[in-house]
Amino acid sequence: MSSKFDKSKLPSRHVSVGPERAPHRSYYYAMGMTEEEIAAPFVGVISAGNDSAPCNTTLNAQADICREGVIAGGGTPRRFNTITVTDGIAMGHQGMKSSLISREIIADSVEVSVRGHCYDALVGFAGCDKSLPGMMMAMLRLNVPSIFVYGGSILPGTHRGNDVTVVDVFEAVGQFAAGNCPLTELIALEKVACPGHGACGGQFTANTMACVGEAIGLSLPNSNMAPAPYRSRDDIAVAAGKQVMELVARNLRPRDICTRAAFENAARVVAATGGSTNAALHLPAMASEAGIDFDLFDVAEIFKSTPYIADLKPGGRYVAKDMHEAGGVYMAMKTLLDGGFIDPNPITVTGKTIGENLEEITWNPDQKVFYDVKSPLTPTGGVVGLKGSLAPDGAIVKVAGMARLQFSGPARVFDCEEDAFAAVESRDIAEGCVIVIRYEGPKGGPGMREMLSTTAALYGQGMGEKVALITDGRFSGATRGFCIGHVGPEAAEGGPIALIKDGDIISIDAEAGTIELDVAEDVLTERRKAWQPRSHDYQAGALWRYAQNVGPARFGALTHPGAKAETHVFADI
């Protein structure tokens, strides 16, 4: 074993060192391991790979290739898998209740496996939305040296000479319902929208959190935007395996990297690229794993002062492949740093600071995806936080690509997404109204479903800019239009959203950051007296357990107290 690794201080000593561990070593010999391999640091190589969706189909192969880098760096790789729930397939039905819950199950399963087998370091591969924050949450929770690797995005499909994504298919469903898209056209589109391996191509949740991985310092620079089919992904996997061994040698851990300043950098990049509103849920959750206070309002404050500079779908023209070719996440961060929006001091998995990494990047004025901060698409971020009488604990809206930032109208109230979607499908929604979908929050859903089927159908019908939609649930990163999510307190907790009635006037101002319910306080007091908590159909199993434990969206919809309550950290066992 290389002298730069002192195994007497690593977790794997508990399963591999000393006469009392002879029974443990017998299992390793059974798998063909040598004395030298058993004596080296053990690196958990985690894949969220499966056959559920194209987001995840290349991950196992990438994780296997990563072994080469770990071995080259002097470690012993130990592959294992975790689950994913793919939102595009779970969308629009009861399966979406499993989506956000999967983030916790991923983090928990990684934690439990690493604790049980005493791994010294981690390299994690993820592809679909919740698997990215889930993997990074586990790294922060365990605090062993770790590198996060995104599996890469899908290439855009082509239909009638235009680049298309799965969002075009969701919106075509709305066009079909409105009589503006023949069934044959819908079928033709669905067959070409997703041409191969990789996660959704726009600046939706997966690509947003892939940007977070680089901006926060847990991923190698400019590694995450390379599309899944590109051969360079093999080189990235090997490099991650090799570099994690340098982190072991230096004892450089995720909580050393993911400081408060690093979280602020990550929020800047989300806002600047018009990223998913889900980042306002995942960043607070990740911060809690590091013992850092960083809630929805902290995220929103950063969004408010960050220029929007990336012309990416769904609000713009380009997809992740174009972003990669334009210079990737670090190209966006280069102009943000030059404009004073990025803190250069946080350390990264390279062992260098963000600033030192960015010294190697030259701004390319000829690329078309990123605008200079001096001449942004808009002077404030593509995502905005809201607060007001309807959402005392906050709400979030994605304004990237929107021309209209104010909306006021009468409420049309639904107590679940299915009822709202049925009304949209039957064209029973009036222009100018504010659609309210409630009892879809973390506790009330349970599971805080995304509403892409409903919002995309509205857009497909030409109603996307003519109505607003608010919910205590979530929206897909692919959602566009005046759609406000994460309204808190949620309806299941008796928040103001539970007290709305049809016809109540709701006013939203994304410029001022306000969301107000225009109902007299004495009227709300009487409604509150009459309000009764609702039960749901999930009275056993994982969804029941989640509903018992989950906290408010404002703090990341967490199911445990986080690092602040720790008495010890796994890495120090």
# chains A, B, ... in the order shown; residues from 1 in each chain; ligands from 1
>>> residues_around(residues="Met139 in chain A", least_positions_apart="4", cutoff="12 Å", atoms="only C-alpha atoms", output="compact mmCIF listing (two decimals) with C-alpha atoms, in the first residue's frame")
# COMPACT_ATOMS: atom_id res chain seq x y z
CA GLY A 44 -17.46 3.12 -2.62
CA VAL A 45 -18.31 3.60 -6.30
CA ILE A 46 -22.05 4.24 -6.34
CA ILE A 106 -31.10 7.43 -2.10
CA ALA A 107 -29.26 9.40 0.58
CA ASP A 108 -30.29 6.93 3.27
CA SER A 109 -29.38 3.85 1.23
CA VAL A 110 -25.94 5.22 0.40
CA GLU A 111 -25.40 6.12 4.05
CA VAL A 112 -26.47 2.69 5.29
CA VAL A 114 -21.25 2.93 3.49
CA ARG A 115 -21.72 2.63 7.25
CA TYR A 119 -15.85 2.75 2.98
CA ASP A 120 -13.17 5.44 3.12
CA ALA A 121 -14.25 7.54 0.13
CA LEU A 122 -17.02 7.82 -2.45
CA VAL A 123 -17.48 8.48 -6.14
CA GLY A 124 -21.18 8.79 -6.99
CA PHE A 125 -22.82 8.61 -10.43
CA LEU A 132 -28.24 14.13 -7.92
CA PRO A 133 -29.08 15.92 -4.65
CA GLY A 134 -29.66 12.56 -2.96
CA MET A 135 -26.13 11.45 -3.82
CA ASN A 143 -18.23 13.40 5.11
CA VAL A 144 -15.69 10.99 3.66
CA PRO A 145 -13.69 12.31 0.67
CA SER A 146 -16.13 12.30 -2.25
CA ILE A 147 -16.57 13.28 -5.89
CA PHE A 148 -19.94 13.61 -7.62
CA GLY A 213 -22.20 19.92 -8.39
CA LEU A 218 -18.01 18.49 -5.47
CA SER A 219 -17.51 17.74 -9.20
CA ARG A 253 -13.83 16.22 2.84
CA PRO A 254 -17.18 17.44 1.46
CA ARG A 255 -17.84 19.73 4.43
CA ASP A 256 -14.45 21.37 3.87
CA ILE A 257 -15.57 22.07 0.31
CA CYS A 258 -19.27 22.89 0.75
CA MET A 286 -27.80 19.70 1.20
CA ALA A 287 -26.85 22.57 3.49
CA GLU A 289 -26.37 17.81 5.85
CA ALA A 290 -23.37 20.10 6.33
CA VAL A 569 -19.51 12.00 11.94
CA PHE A 570 -19.14 8.69 10.10
CA ALA A 571 -15.79 9.69 8.59
>>> select_by_dssp(residues="range 121-187 of chain A", states="alpha helix (DSSP H)", output="ChimeraX atom specification")
/A:131-142,166-177,183-187
>>> residues_around(residues="range 7-23 of chain A", least_positions_apart="2", cutoff="7 Å", atoms="only C-alpha atoms", output="JSON, numbers by chain")
{"A": [5, 25, 26, 38, 41, 42, 118, 119, 120, 571, 573]}
>>> write_last_selection(atoms="C-alpha atoms", output="PDB file, in the first residue's frame")
ATOM      1  CA  PHE A   5      -2.406   6.359   2.985  1.00  0.00           C
ATOM      2  CA  ARG A  25     -11.128 -10.557   5.207  1.00  0.00           C
ATOM      3  CA  SER A  26     -12.284 -14.054   4.302  1.00  0.00           C
ATOM      4  CA  ILE A  38      -7.463  -5.412   1.165  1.00  0.00           C
ATOM      5  CA  PRO A  41      -8.354   2.323   1.148  1.00  0.00           C
ATOM      6  CA  PHE A  42     -11.840   1.133   0.163  1.00  0.00           C
ATOM      7  CA  CYS A 118     -16.885   1.107   6.233  1.00  0.00           C
ATOM      8  CA  TYR A 119     -15.851   2.751   2.983  1.00  0.00           C
ATOM      9  CA  ASP A 120     -13.175   5.439   3.125  1.00  0.00           C
ATOM     10  CA  ALA A 571     -15.791   9.692   8.590  1.00  0.00           C
ATOM     11  CA  ILE A 573     -15.423   6.421  13.364  1.00  0.00           C
TER      12      ILE A 573
END
>>> closest_residue(among="A:Arg231, A:Lys304, A:Lys352, A:Arg67", to="Gly513 in chain A", atoms="only C-alpha atoms")
A:Lys304
>>> closest_residue(among="A:Asn60, A:Thr471, A:Ser99, A:Asn251", to="Val413 in chain A", atoms="only C-alpha atoms")
A:Thr471
>>> closest_residue(among="A:Gly551, A:Glu36, A:Ser389, A:Gln406", to="Ala520 in chain A", atoms="only C-alpha atoms")
A:Ser389
>>> closest_residue(among="A:Pro182, A:Gly432, A:Gly481, A:Gly174", to="Gly315 in chain A", atoms="only C-alpha atoms")
A:Gly481
>>> closest_residue(among="A:Gly274, A:Gly562, A:Gly464, A:Gly445", to="Gly202 in chain A", atoms="only C-alpha atoms")
A:Gly274
